[in-house]
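S.K.: My structure is in query_24.txt, and what it holds is compact mmCIF, C-alpha atoms:
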```txt
# COMPACT_ATOMS: atom_id res chain seq x y z
CA MET A 1 28.51 -109.73 -74.91
CA ASN A 2 30.21 -106.37 -75.31
CA PHE A 3 33.76 -106.75 -76.60
CA LEU A 4 33.90 -103.41 -78.44
CA SER A 5 36.40 -101.70 -76.13
CA ASP A 6 37.53 -101.55 -72.52
CA THR A 7 36.31 -97.94 -72.55
CA THR A 8 32.74 -99.27 -72.70
CA ALA A 9 33.14 -101.02 -69.34
CA PRO A 10 31.85 -99.47 -66.12
CA ALA A 11 34.13 -97.89 -63.55
CA HIS A 12 35.16 -100.07 -60.63
CA PRO A 13 33.02 -99.48 -57.51
CA ARG A 14 36.06 -98.69 -55.37
CA LEU A 15 36.93 -95.77 -57.64
CA ILE A 16 33.39 -94.43 -57.55
CA GLU A 17 33.45 -94.67 -53.75
CA ALA A 18 36.75 -92.76 -53.73
CA ILE A 19 35.19 -89.95 -55.75
CA SER A 20 32.37 -89.78 -53.23
CA ARG A 21 34.82 -89.54 -50.33
CA ALA A 22 36.73 -86.77 -52.13
CA ASN A 23 33.44 -84.88 -52.37
CA GLU A 24 33.35 -84.18 -48.63
CA GLY A 25 34.13 -80.58 -47.77
CA PHE A 26 36.40 -78.09 -49.49
CA ALA A 27 39.87 -78.53 -51.01
CA PRO A 28 42.38 -76.33 -52.87
CA SER A 29 41.92 -76.11 -56.64
CA TYR A 30 43.90 -77.09 -59.75
CA GLY A 31 45.84 -79.98 -58.22
CA ALA A 32 47.02 -78.15 -55.10
CA ASP A 33 44.89 -80.40 -52.87
CA PRO A 34 46.34 -82.90 -50.36
CA LEU A 35 44.95 -85.90 -52.24
CA SER A 36 46.82 -84.97 -55.42
CA ALA A 37 50.02 -84.59 -53.41
CA GLN A 38 49.39 -87.97 -51.79
CA VAL A 39 49.02 -89.68 -55.16
CA ARG A 40 52.22 -88.08 -56.39
CA GLU A 41 54.07 -89.56 -53.43
CA ARG A 42 52.51 -92.96 -54.11
CA LEU A 43 53.74 -92.77 -57.69
CA VAL A 44 57.22 -91.78 -56.50
CA ASP A 45 57.29 -94.93 -54.36
CA LEU A 46 55.81 -97.09 -57.10
CA PHE A 47 58.26 -95.95 -59.79
CA GLU A 48 61.20 -95.81 -57.34
CA THR A 49 62.27 -92.31 -58.40
CA ASP A 50 61.36 -88.68 -58.09
CA LEU A 51 58.92 -87.54 -60.74
CA GLU A 52 56.33 -84.96 -61.69
CA VAL A 53 52.74 -85.89 -62.45
CA LEU A 54 49.98 -84.03 -64.26
CA PHE A 55 46.43 -85.42 -64.08
CA THR A 56 44.16 -85.34 -67.13
CA THR A 57 40.86 -86.92 -68.11
CA ALA A 58 41.66 -88.20 -71.63
CA GLY A 59 44.43 -90.27 -73.17
CA THR A 60 44.63 -88.02 -76.21
CA ALA A 61 45.18 -85.03 -73.93
CA SER A 62 47.92 -86.88 -72.05
CA ASN A 63 49.75 -87.85 -75.22
CA ALA A 64 49.43 -84.47 -76.91
CA LEU A 65 50.41 -82.52 -73.80
CA ALA A 66 53.41 -84.77 -73.10
CA LEU A 67 54.64 -84.50 -76.68
CA SER A 68 54.14 -80.74 -76.66
CA VAL A 69 56.91 -80.30 -74.09
CA LEU A 70 59.24 -82.91 -75.62
CA ALA A 71 59.06 -82.02 -79.31
CA PRO A 72 59.71 -78.51 -80.69
CA ARG A 73 57.36 -77.29 -83.39
CA ASP A 74 60.00 -77.81 -86.08
CA GLY A 75 60.94 -81.29 -84.86
CA MET A 76 59.87 -84.82 -85.70
CA ILE A 77 58.15 -87.50 -83.62
CA LEU A 78 58.88 -91.10 -84.61
CA CYS A 79 56.06 -93.57 -83.98
CA HIS A 80 54.54 -96.73 -85.42
CA ASP A 81 52.20 -96.32 -88.36
CA GLU A 82 49.38 -97.81 -86.26
CA ALA A 83 50.13 -95.73 -83.15
CA HIS A 84 47.19 -94.00 -81.52
CA ILE A 85 48.95 -90.64 -81.82
CA HIS A 86 49.13 -91.15 -85.58
CA ARG A 87 45.82 -92.83 -86.39
CA ASP A 88 43.33 -91.88 -83.70
CA GLU A 89 43.95 -88.42 -82.27
CA ARG A 90 42.78 -86.16 -85.11
CA GLY A 91 46.14 -84.41 -85.35
CA ALA A 92 46.22 -83.47 -81.65
CA PRO A 93 49.99 -84.04 -81.28
CA GLU A 94 50.68 -81.82 -84.30
CA PHE A 95 48.23 -79.22 -82.99
CA PHE A 96 49.56 -79.17 -79.41
CA THR A 97 53.22 -79.09 -80.50
CA GLY A 98 52.51 -76.27 -82.91
CA GLY A 99 53.49 -78.20 -86.00
CA ALA A 100 55.84 -81.08 -85.13
CA LYS A 101 55.92 -83.75 -87.84
CA LEU A 102 54.94 -87.37 -87.14
CA LEU A 103 56.95 -89.95 -89.07
CA PRO A 104 55.19 -93.34 -89.08
CA LEU A 105 57.45 -96.40 -88.97
CA HIS A 106 56.57 -100.04 -89.51
CA GLY A 107 57.00 -103.38 -87.81
CA GLU A 108 55.02 -106.53 -87.10
CA HIS A 109 52.20 -106.48 -84.56
CA ALA A 110 52.24 -102.66 -84.40
CA LYS A 111 55.69 -102.60 -82.82
CA ILE A 112 58.47 -100.51 -84.36
CA ASP A 113 61.07 -102.68 -86.08
CA MET A 114 64.63 -101.83 -85.08
CA ALA A 115 65.79 -101.67 -88.69
CA GLU A 116 63.02 -99.15 -89.40
CA LEU A 117 64.08 -97.03 -86.42
CA ASP A 118 67.77 -97.17 -87.29
CA GLY A 119 66.94 -96.26 -90.87
CA ALA A 120 64.87 -93.25 -89.87
CA LEU A 121 67.53 -91.99 -87.48
CA ALA A 122 70.13 -92.29 -90.22
CA GLU A 123 67.94 -90.78 -92.95
CA TRP A 124 66.86 -87.67 -91.05
CA PRO A 125 69.96 -85.80 -89.82
CA ALA A 126 69.73 -83.35 -86.94
CA ASP A 127 72.09 -80.80 -88.50
CA PHE A 128 70.69 -80.37 -92.04
CA VAL A 129 68.63 -77.20 -92.37
CA HIS A 130 66.36 -78.65 -95.07
CA ALA A 131 65.36 -81.73 -93.06
CA THR A 132 63.07 -82.09 -90.06
CA PRO A 133 65.21 -83.41 -87.17
CA PRO A 134 63.87 -86.30 -85.08
CA LYS A 135 63.32 -85.17 -81.49
CA VAL A 136 61.05 -87.78 -79.89
CA LEU A 137 60.46 -91.51 -80.16
CA SER A 138 56.99 -92.61 -79.01
CA LEU A 139 56.36 -96.25 -78.10
CA SER A 140 52.89 -97.66 -77.37
CA GLN A 141 52.75 -100.18 -74.52
CA LEU A 142 50.59 -102.20 -75.15
CA ALA A 143 50.89 -101.60 -78.88
CA GLU A 144 47.78 -101.02 -80.97
CA ALA A 145 47.70 -104.69 -82.00
CA GLY A 146 47.52 -105.82 -78.38
CA SER A 147 51.15 -106.90 -78.32
CA ALA A 148 53.76 -105.90 -75.75
CA TYR A 149 57.31 -104.74 -76.26
CA SER A 150 59.64 -106.88 -74.16
CA LEU A 151 61.91 -105.13 -71.67
CA ASP A 152 64.89 -105.72 -73.96
CA ALA A 153 62.94 -104.31 -76.91
CA VAL A 154 62.09 -101.12 -75.00
CA ARG A 155 65.70 -100.73 -73.88
CA GLU A 156 67.08 -101.29 -77.38
CA ARG A 157 64.78 -98.75 -79.01
CA ALA A 158 65.24 -96.20 -76.26
CA LYS A 159 69.02 -96.50 -76.45
CA ALA A 160 69.01 -95.95 -80.20
CA ALA A 161 66.87 -92.85 -79.72
CA LYS A 162 69.00 -91.54 -76.85
CA ASP A 163 72.19 -92.05 -78.86
CA HIS A 164 70.72 -89.55 -81.34
CA GLY A 165 69.61 -87.08 -78.68
CA LEU A 166 65.89 -87.91 -78.72
CA PHE A 167 63.43 -87.97 -75.85
CA VAL A 168 61.44 -91.19 -75.45
CA HIS A 169 57.72 -91.10 -74.72
CA MET A 170 55.55 -94.08 -73.83
CA ASP A 171 51.84 -94.15 -74.59
CA GLY A 172 50.67 -96.27 -71.67
CA ALA A 173 46.92 -96.29 -72.21
CA ARG A 174 47.16 -100.01 -71.37
CA PHE A 175 50.39 -99.79 -69.37
CA ALA A 176 48.91 -101.86 -66.53
CA ASN A 177 48.04 -104.67 -68.94
CA ALA A 178 51.58 -104.66 -70.34
CA LEU A 179 53.06 -104.63 -66.86
CA ALA A 180 50.89 -107.55 -65.76
CA HIS A 181 51.93 -109.52 -68.85
CA LEU A 182 55.65 -108.82 -68.52
CA ASP A 183 55.67 -109.31 -64.74
CA CYS A 184 58.26 -106.59 -64.15
CA SER A 185 58.33 -103.42 -62.08
CA PRO A 186 56.99 -100.04 -63.27
CA ALA A 187 60.52 -98.64 -62.94
CA GLU A 188 62.03 -101.39 -65.10
CA LEU A 189 59.52 -100.75 -67.88
CA THR A 190 59.95 -96.96 -67.86
CA TRP A 191 62.81 -94.75 -66.72
CA LYS A 192 65.24 -97.62 -66.08
CA ALA A 193 64.69 -98.63 -69.72
CA GLY A 194 65.19 -95.07 -71.01
CA ILE A 195 61.65 -93.64 -70.96
CA ASP A 196 61.48 -89.90 -70.23
CA ALA A 197 57.71 -89.41 -70.15
CA LEU A 198 54.79 -91.78 -69.64
CA SER A 199 51.13 -91.26 -70.50
CA LEU A 200 49.63 -93.46 -67.79
CA GLY A 201 46.07 -94.57 -68.48
CA ALA A 202 43.55 -95.75 -65.91
CA THR A 203 40.32 -95.16 -67.84
CA LYS A 204 40.61 -98.42 -69.82
CA ASN A 205 41.31 -100.29 -66.61
CA GLY A 206 38.53 -99.44 -64.17
CA ALA A 207 38.54 -95.65 -63.89
CA LEU A 208 35.75 -93.24 -64.74
CA ALA A 209 38.06 -90.66 -66.34
CA ALA A 210 41.61 -90.69 -65.03
CA GLU A 211 44.83 -90.30 -66.98
CA ALA A 212 48.21 -88.84 -66.09
CA VAL A 213 51.40 -87.55 -67.65
CA ILE A 214 54.44 -88.63 -65.67
CA LEU A 215 57.74 -86.87 -66.27
CA PHE A 216 60.74 -88.78 -64.97
CA PRO A 217 63.87 -86.92 -63.75
CA SER A 218 65.34 -86.69 -67.28
CA ALA A 219 62.34 -84.57 -68.35
CA ALA A 220 61.11 -83.15 -65.04
CA ASP A 221 62.38 -79.68 -65.89
CA ARG A 222 59.60 -79.55 -68.51
CA PHE A 223 56.88 -79.68 -65.86
CA PRO A 224 56.17 -75.91 -65.69
CA ALA A 225 55.77 -75.89 -69.47
CA LEU A 226 53.49 -78.93 -69.20
CA GLN A 227 51.26 -77.15 -66.68
CA ALA A 228 51.14 -74.07 -68.87
CA ALA A 229 50.21 -76.16 -71.92
CA GLN A 230 47.44 -77.85 -69.99
CA LYS A 231 46.02 -74.53 -68.88
CA ARG A 232 46.18 -72.98 -72.36
CA ALA A 233 44.50 -76.04 -73.84
CA GLY A 234 41.60 -75.86 -71.41
CA HIS A 235 42.42 -79.22 -69.82
CA MET A 236 43.34 -78.01 -66.32
CA LEU A 237 40.48 -79.11 -64.08
CA ALA A 238 39.62 -76.84 -61.18
CA LYS A 239 38.51 -79.81 -59.05
CA MET A 240 41.48 -82.02 -59.80
CA ARG A 241 40.99 -83.95 -56.58
CA TYR A 242 38.30 -86.06 -58.24
CA VAL A 243 40.84 -87.41 -60.74
CA ALA A 244 43.43 -87.90 -57.99
CA ALA A 245 40.85 -89.79 -55.94
CA GLN A 246 40.45 -92.32 -58.75
CA PHE A 247 44.20 -92.88 -58.95
CA ASP A 248 44.43 -93.20 -55.18
CA ALA A 249 41.85 -96.00 -55.12
CA TRP A 250 43.23 -97.56 -58.32
CA LEU A 251 46.72 -97.89 -56.85
CA ASP A 252 45.51 -98.99 -53.41
CA ASP A 253 46.44 -102.59 -52.53
CA GLY A 254 47.56 -103.20 -56.10
CA LEU A 255 44.02 -102.94 -57.48
CA TRP A 256 45.28 -101.57 -60.81
CA LEU A 257 47.33 -104.70 -61.51
CA GLU A 258 44.61 -107.01 -60.22
CA LEU A 259 42.15 -105.49 -62.69
CA ALA A 260 44.70 -105.71 -65.51
CA ARG A 261 45.41 -109.37 -64.74
CA ASP A 262 41.69 -110.15 -64.79
CA ALA A 263 41.30 -108.41 -68.15
CA ASN A 264 44.37 -110.16 -69.55
CA ALA A 265 43.13 -113.56 -68.35
CA ALA A 266 39.80 -112.94 -70.08
CA GLY A 267 41.66 -111.93 -73.24
CA THR A 268 43.72 -115.12 -73.16
CA ALA A 269 40.64 -117.29 -72.62
CA LEU A 270 38.87 -115.63 -75.52
CA SER A 271 41.93 -115.90 -77.78
CA ASP A 272 42.40 -119.60 -77.00
CA GLY A 273 38.73 -120.30 -77.54
CA LEU A 274 38.59 -118.50 -80.89
CA ALA A 275 41.79 -120.17 -82.09
CA ALA A 276 40.18 -123.56 -81.59
CA ILE A 277 37.36 -122.76 -84.02
CA GLU A 278 37.81 -123.98 -87.59
CA GLY A 279 38.74 -121.19 -89.97
CA VAL A 280 39.66 -118.65 -87.29
CA GLU A 281 43.19 -117.23 -87.27
CA ILE A 282 44.61 -115.13 -84.42
CA ALA A 283 46.32 -112.23 -86.16
CA HIS A 284 48.57 -110.93 -83.36
CA PRO A 285 49.95 -112.25 -80.07
CA THR A 286 47.46 -111.82 -77.24
CA ASP A 287 49.78 -110.18 -74.70
CA GLY A 288 47.04 -108.28 -72.89
CA ASN A 289 43.29 -107.89 -73.06
CA GLU A 290 42.88 -107.40 -76.83
CA VAL A 291 42.29 -110.21 -79.32
CA PHE A 292 42.60 -109.75 -83.08
CA ALA A 293 41.11 -112.59 -85.08
CA ARG A 294 40.53 -113.19 -88.77
CA LEU A 295 37.06 -114.69 -88.96
CA PRO A 296 35.13 -116.49 -91.66
CA GLU A 297 32.13 -114.32 -92.45
CA THR A 298 29.77 -117.05 -91.31
CA VAL A 299 31.41 -117.08 -87.87
CA ALA A 300 31.28 -113.29 -87.60
CA ASP A 301 27.60 -113.28 -88.61
CA ARG A 302 26.70 -115.89 -86.00
CA MET A 303 28.33 -113.83 -83.28
CA ARG A 304 26.64 -110.62 -84.37
CA ASP A 305 23.27 -112.39 -84.58
CA ALA A 306 23.76 -113.54 -80.99
CA GLY A 307 24.25 -109.92 -79.90
CA ALA A 308 28.05 -109.81 -79.66
CA GLY A 309 29.75 -106.47 -80.06
CA PHE A 310 33.23 -106.32 -81.60
CA TYR A 311 35.11 -103.99 -83.90
CA ALA A 312 36.11 -104.47 -87.54
CA TRP A 313 39.81 -103.56 -87.63
CA PRO A 314 41.30 -101.85 -90.70
CA ASP A 315 43.59 -104.83 -91.47
CA GLY A 316 40.57 -107.07 -92.02
CA SER A 317 40.64 -108.74 -88.61
CA ALA A 318 38.05 -108.39 -85.88
CA ARG A 319 39.09 -106.83 -82.56
CA PHE A 320 37.68 -108.14 -79.30
CA VAL A 321 38.57 -106.31 -76.08
CA ALA A 322 38.09 -107.81 -72.65
CA SER A 323 37.81 -105.61 -69.58
CA TRP A 324 38.33 -105.88 -65.84
CA CYS A 325 34.74 -107.10 -65.46
CA THR A 326 34.41 -109.46 -68.43
CA ARG A 327 32.63 -112.56 -67.13
CA GLU A 328 33.52 -116.13 -67.99
CA ALA A 329 29.92 -116.70 -69.02
CA GLU A 330 30.18 -113.94 -71.64
CA ILE A 331 33.19 -115.60 -73.21
CA LYS A 332 31.46 -118.99 -73.23
CA ASP A 333 28.36 -117.50 -74.83
CA LEU A 334 30.45 -115.77 -77.51
CA LEU A 335 32.35 -118.95 -78.34
CA LYS A 336 29.14 -120.98 -78.40
CA ALA A 337 27.65 -118.54 -80.89
CA ALA A 338 30.82 -118.63 -82.99
CA ARG A 339 30.75 -122.41 -83.19
CA GLY A 340 27.07 -122.41 -84.17
```
Output the file's structure as structure tokens, nothing else.

M.R.:
Amino acid sequence: MNFLSDTTAPAHPRLIEAISRANEGFAPSYGADPLSAQVRERLVDLFETDLEVLFTTAGTASNALALSVLAPRDGMILCHDEAHIHRDERGAPEFFTGGAKLLPLHGEHAKIDMAELDGALAEWPADFVHATPPKVLSLSQLAEAGSAYSLDAVRERAKAAKDHGLFVHMDGARFANALAHLDCSPAELTWKAGIDALSLGATKNGALAAEAVILFPSAADRFPALQAAQKRAGHMLAKMRYVAAQFDAWLDDGLWLELARDANAAGTALSDGLAAIEGVEIAHPTDGNEVFARLPETVADRMRDAGAGFYAWPDGSARFVASWCTREAEIKDLLKAARG
């Protein structure tokens, strides 16, 4: 009963098989291989626009690299106080940008409140030499509390940022889960809504180690700088085809959304089951595969004693994360233990 994180789950067999196929023979290095080009074209079709893509192996690298070409070193990045780039990346965005300031904003369920965003944009002018000018807005989709911004919410926040000359970045470590929940197209949730750059994560959704930075046309001119930053940071893999192979299999026949839907369904089943237990309170909407529950200590102890793994969240809740391969029996066993 491992509900610690979707990063603890195994890779999907189809992605492992794709890596094995990519291992046949020789191929050009550093992303110049045919498979990498093929995946780029698949992403162009999927997102319904021209784009540039840079493959990485870690979400932190994707976020930090993307922000490094959007935010100048004397600029400011607006994000939620609970955003991964603020709480969980050991200062990587500040390091990769060369000193850009992160300004944490607030809002329920780890989503930036519009009043907070408007206030920050008004408080920090772009033309005052003593102030750090906002240059990027970063939105997490799903947010760190497992909630999803609606399409209208993304559009509204992106428009406010654009009206002040900011780029808009989306941390999409669980982008597939958000997309499956919202039932919209990748284009609608990204560039059509005002997103300039997307950190697209596959590792939490069935990959071994596969992430990507996607620059949409509004930021595509930054791609040479993005490649240079990746090389200088030591994140440019010589055998990039093995990352591309994972994306190729992940996207094939809609597997990526199938896996996300399975994980989301498991999250919903777990959330509903926990909510029915006396004394348990669901802390945030379960819009994807993460469940945050406030548990009586007796309930938490019973689950731990039964061998369940979950994470104590800083707000006092317990986080449970379902994955693409979470089994119904695991959820039933967890709930049985919780009920005692």

S.K.: Kindly indicate which residue among A:Leu335, A:Ala312, A:Ala11, A:Ala245 lies nearest to Asp33 of chain A, using all atoms listed in the file for the distances.

M.R.: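 Checking each of A:Leu335, A:Ala312, A:Ala11, A:Ala245 against Asp33 of chain A, counting all atoms listed in the file, the winner is A:Ala245.
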
S.K.: Counting all atoms listed in the file, which residue out of A:Val53, A:Asp287, A:Gly194, A:Ala238 sits closest to Ala27 of chain A?

M.R.: A:Ala238

S.K.: Could you tell me which of A:Ala293, A:Ala18, A:Ala220, A:Ala115 comes closest to Glu156 of chain A if we count only C-alpha atoms?

M.R.: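 The answer is A:Ala115, which sits nearest to Glu156 of chain A.
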
S.K.: From the set A:Ile282, A:Leu4, A:Ala263, A:Met240, which residue has the shortest atom-to-atom contact distance to Pro34 of chain A, counting all atoms listed in the file?

M.R.: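 When distances to Pro34 of chain A are compared using all atoms listed in the file, the smallest one comes from A:Met240.
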
S.K.: Please identify all polymer residues lying at most 9 Å from the point (44.0, -84.1, -74.0) (file coordinates), using only C-alpha atoms, and present the result as a list in words.

M.R.: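 Within the cut-off we find Thr56, Thr57, Ala58, Gly59, Thr60, Ala61, Ser62, Asn63, Ala64, Leu65, Ala92, Gln230, Ala233, Gly234 and His235 of chain A.
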
S.K.: Which is closer to Gly165 of chain A than all the others in A:Lys135, A:His181, A:His109, A:His284, using only C-alpha atoms?

M.R.: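 Result for the nearest residue to Gly165 of chain A: A:Lys135.
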
S.K.: Please identify all polymer residues within 10 Å of Asp272 of chain A, counting all atoms listed in the file, omitting same-chain residues fewer than 6 positions from it, and present them as a ChimeraX atom specification.

M.R.: /A:266,282,286,291

S.K.: Under the rule that only C-alpha atoms are counted, which of A:Pro296, A:Gly107, A:Gly172, A:Pro217 is the nearest residue to Glu278 of chain A?

M.R.: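 Using only C-alpha atoms, the shortest distance to Glu278 of chain A belongs to A:Pro296.
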
S.K.: Rounded to one decimal place, report the atom CA of Phe292 of chain A-atom CA of Leu334 of chain A distance in Å.

M.R.: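 Separation between atom CA of Phe292 of chain A and atom CA of Leu334 of chain A: 14.7 Å.
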
S.K.: To one decimal in Å, tell me the separation between atom CA of Ala276 of chain A and atom CA of Ala176 of chain A.

M.R.: 27.8 Å

S.K.: Could you pull the residues within 9 Å of Ile331 of chain A, counting only C-alpha atoms, minus those fewer than 5 positions along the same chain, as a PyMOL selection string?

M.R.: chain A and resi 1+266+269-270+273+326+336

S.K.: For the point (57.7, -91.1, -88.1) in the file's frame, write as a PyMOL selection string all residues with an atom no more than 6 Å away, counting all atoms listed in the file.

M.R.: chain A and resi 77-79+102-105

S.K.: Write a file of the selected residues as a CSV table (one decimal), keeping the file's coordinate frame, keeping C-alpha atoms.

M.R.:
```csv
chain,number,residue,atom,x,y,z
A,77,ILE,CA,58.2,-87.5,-83.6
A,78,LEU,CA,58.9,-91.1,-84.6
A,79,CYS,CA,56.1,-93.6,-84.0
A,102,LEU,CA,54.9,-87.4,-87.1
A,103,LEU,CA,57.0,-90.0,-89.1
A,104,PRO,CA,55.2,-93.3,-89.1
A,105,LEU,CA,57.4,-96.4,-89.0
```
